[in-house]
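Undergrad: Have a look at this one before I ask anything.
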Amino acid sequence: MDEAPSRHLLRARDLIDARYADPLTVGDMARAAGLSRAYFSREFRNAFGESPHQYLLTRRLERSAALLRTTDWSVARICFEVGNQSVGSFTTSFRRMYGKTPTEYRAAFPPAADWAMVPGCVVRAYARPQHRTFREDALVPTP
């Protein structure tokens, strides 16, 4: 399609991008676009090169790949967090898209703990002694 996608299709795509973890149906997406399901599906495919359902599944896989790289969550937790219903089908879809199982994909990146950035001010605040020895801490106000 030579021209930019219509605003109604962008509304539906934005819905998918924002709520990919929800159980969205093509009917939900079509309602967001204000179109019938069949017309919406055809126009979406023409504008974005894939069906609305394929786009939704791709978003879920992209998000799961990001979580595998940046968290220590289990594969099952990631699977359900992004809106998939079955770990087996998630693993199959993930392998088809990335060429590796989720576990193999995660192993190719450093552990998430290596990427955890804690600002120095936070480290200093939590490293400070919790029990103060100053006299004013021991004073009890009199009524």
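Please note that chains go A, B, ... in the order of the structure tokens, that every chain numbers its residues from 1, and that ligands are numbered from 1 in the order shown.
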From a backbone DSSP assignment, name each residue in stretch 6-138 of chain A labelled alpha helix (DSSP H), as a PyMOL selection string.

TA: chain A and resi 7-18+26-33+37-48+52-70+75-81+87-98+102-107+112-115+120-127+135-138

Undergrad: Give me the residues of stretch 51-119 of chain A that have any atom at most 9 Å from an atom of stretch 9-15 of chain A; for each, the nearest atom pair and the distance in Å, rounded to one decimal. Use only C-alpha atoms, sort by chain and number, and format it as a Markdown table.

TA:
```
| residue | atom | partner | partner_atom | distance |
| --- | --- | --- | --- | --- |
| A:Pro52 | CA | A:Arg13 | CA | 8.1 |
| A:Tyr55 | CA | A:Arg13 | CA | 8.4 |
| A:Leu56 | CA | A:Arg13 | CA | 8.8 |
```

Undergrad: Take the residues just selected and output them with N, CA, C and O atoms as a short mmCIF file (atom, residue, chain, number, x, y, z; two decimals), in the first residue's frame.

TA:
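Saved result, selection15.cif, follows:
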```cif
data_model
loop_
_atom_site.label_atom_id
_atom_site.label_comp_id
_atom_site.auth_asym_id
_atom_site.auth_seq_id
_atom_site.Cartn_x
_atom_site.Cartn_y
_atom_site.Cartn_z
N PRO A 52 -4.09 -9.29 11.52
CA PRO A 52 -4.09 -8.74 12.89
C PRO A 52 -3.65 -9.78 13.92
O PRO A 52 -2.92 -9.46 14.85
N TYR A 55 0.07 -10.22 13.78
CA TYR A 55 0.71 -9.06 14.39
C TYR A 55 0.70 -9.19 15.91
O TYR A 55 1.70 -8.95 16.58
N LEU A 56 -0.44 -9.61 16.47
CA LEU A 56 -0.56 -9.80 17.91
C LEU A 56 0.42 -10.85 18.41
O LEU A 56 1.13 -10.64 19.40
#
```

Undergrad: Excluding A:Arg19 and any residue of its chain fewer than 5 positions from it, enumerate the residues within 12 Å of it, using only C-alpha atoms, and give them as a list in words.

TA: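 The residues satisfying every condition are Ala12, Arg13, Asp14, Leu24, Thr25, Asp28, Met29, Leu56, Leu57, Arg59, Arg60, Arg63, Glu81, Val82 and Gly83 of chain A.
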
Undergrad: Please compute the atom CA of A:Ala47-atom CA of A:Gly99 distance, one decimal, in Å.

TA: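 Answer for the atom CA of A:Ala47 to atom CA of A:Gly99 separation: 27.2 Å.
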
Undergrad: For each of A:Thr103, A:Ser51, A:Thr91, A:Ser6, take the minimum atom-to-atom distance to A:Ala38, counting only C-alpha atoms, then give the residue where this is smallest.

TA: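 When distances to A:Ala38 are compared using only C-alpha atoms, the smallest one comes from A:Ser51.
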
Undergrad: Please, what distance in Å, to one decimal, runs between atom CA of A:Asn84 and atom CA of A:Phe40?

TA: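 Value for the atom CA of A:Asn84-atom CA of A:Phe40 distance: 23.3 Å.
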
Undergrad: Which residue gives the smallest distance to A:Leu68 among A:Val122, A:Phe94, A:Ile16, A:Asp22, with only C-alpha atoms counted?

TA: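 Checking each candidate against A:Leu68, we get A:Phe94 as the closest.
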
Undergrad: Taking 3 positions as the minimum chain separation for residues in the same chain, which residues sit within 12 Å of A:Gly88 when counting only C-alpha atoms? Answer as a list in words.

TA: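 My reading of the contact set: Val75, Ala76, Cys79, Phe80, Asn84, Gln85, Thr91, Thr92, Ser93, Phe94, Arg95, Thr101 and Pro102 of chain A.
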
Undergrad: Go ahead and write the selection's residues with C-alpha atoms as a PDB file, in the first residue's frame.

TA:
```pdb
ATOM      1  CA  VAL A  75       9.922 -19.319  30.800  1.00  0.00           C
ATOM      2  CA  ALA A  76       6.443 -20.306  31.993  1.00  0.00           C
ATOM      3  CA  CYS A  79       4.764 -17.167  28.549  1.00  0.00           C
ATOM      4  CA  PHE A  80       1.702 -16.276  30.622  1.00  0.00           C
ATOM      5  CA  ASN A  84       0.052 -16.959  25.787  1.00  0.00           C
ATOM      6  CA  GLN A  85      -2.012 -19.840  27.102  1.00  0.00           C
ATOM      7  CA  THR A  91       8.076 -22.612  22.795  1.00  0.00           C
ATOM      8  CA  THR A  92       7.217 -23.854  19.296  1.00  0.00           C
ATOM      9  CA  SER A  93       6.300 -20.346  18.085  1.00  0.00           C
ATOM     10  CA  PHE A  94       9.383 -18.849  19.724  1.00  0.00           C
ATOM     11  CA  ARG A  95      11.675 -21.400  18.062  1.00  0.00           C
ATOM     12  CA  THR A 101      13.977 -22.321  22.283  1.00  0.00           C
ATOM     13  CA  PRO A 102      13.354 -19.648  24.931  1.00  0.00           C
TER      14      PRO A 102
END
```

Undergrad: Which value, in Å to one decimal, gives the distance between atom CA of A:Leu35 and atom CA of A:Asp17?

TA: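 Interatomic distance, atom CA of A:Leu35 to atom CA of A:Asp17: 18.6 Å.
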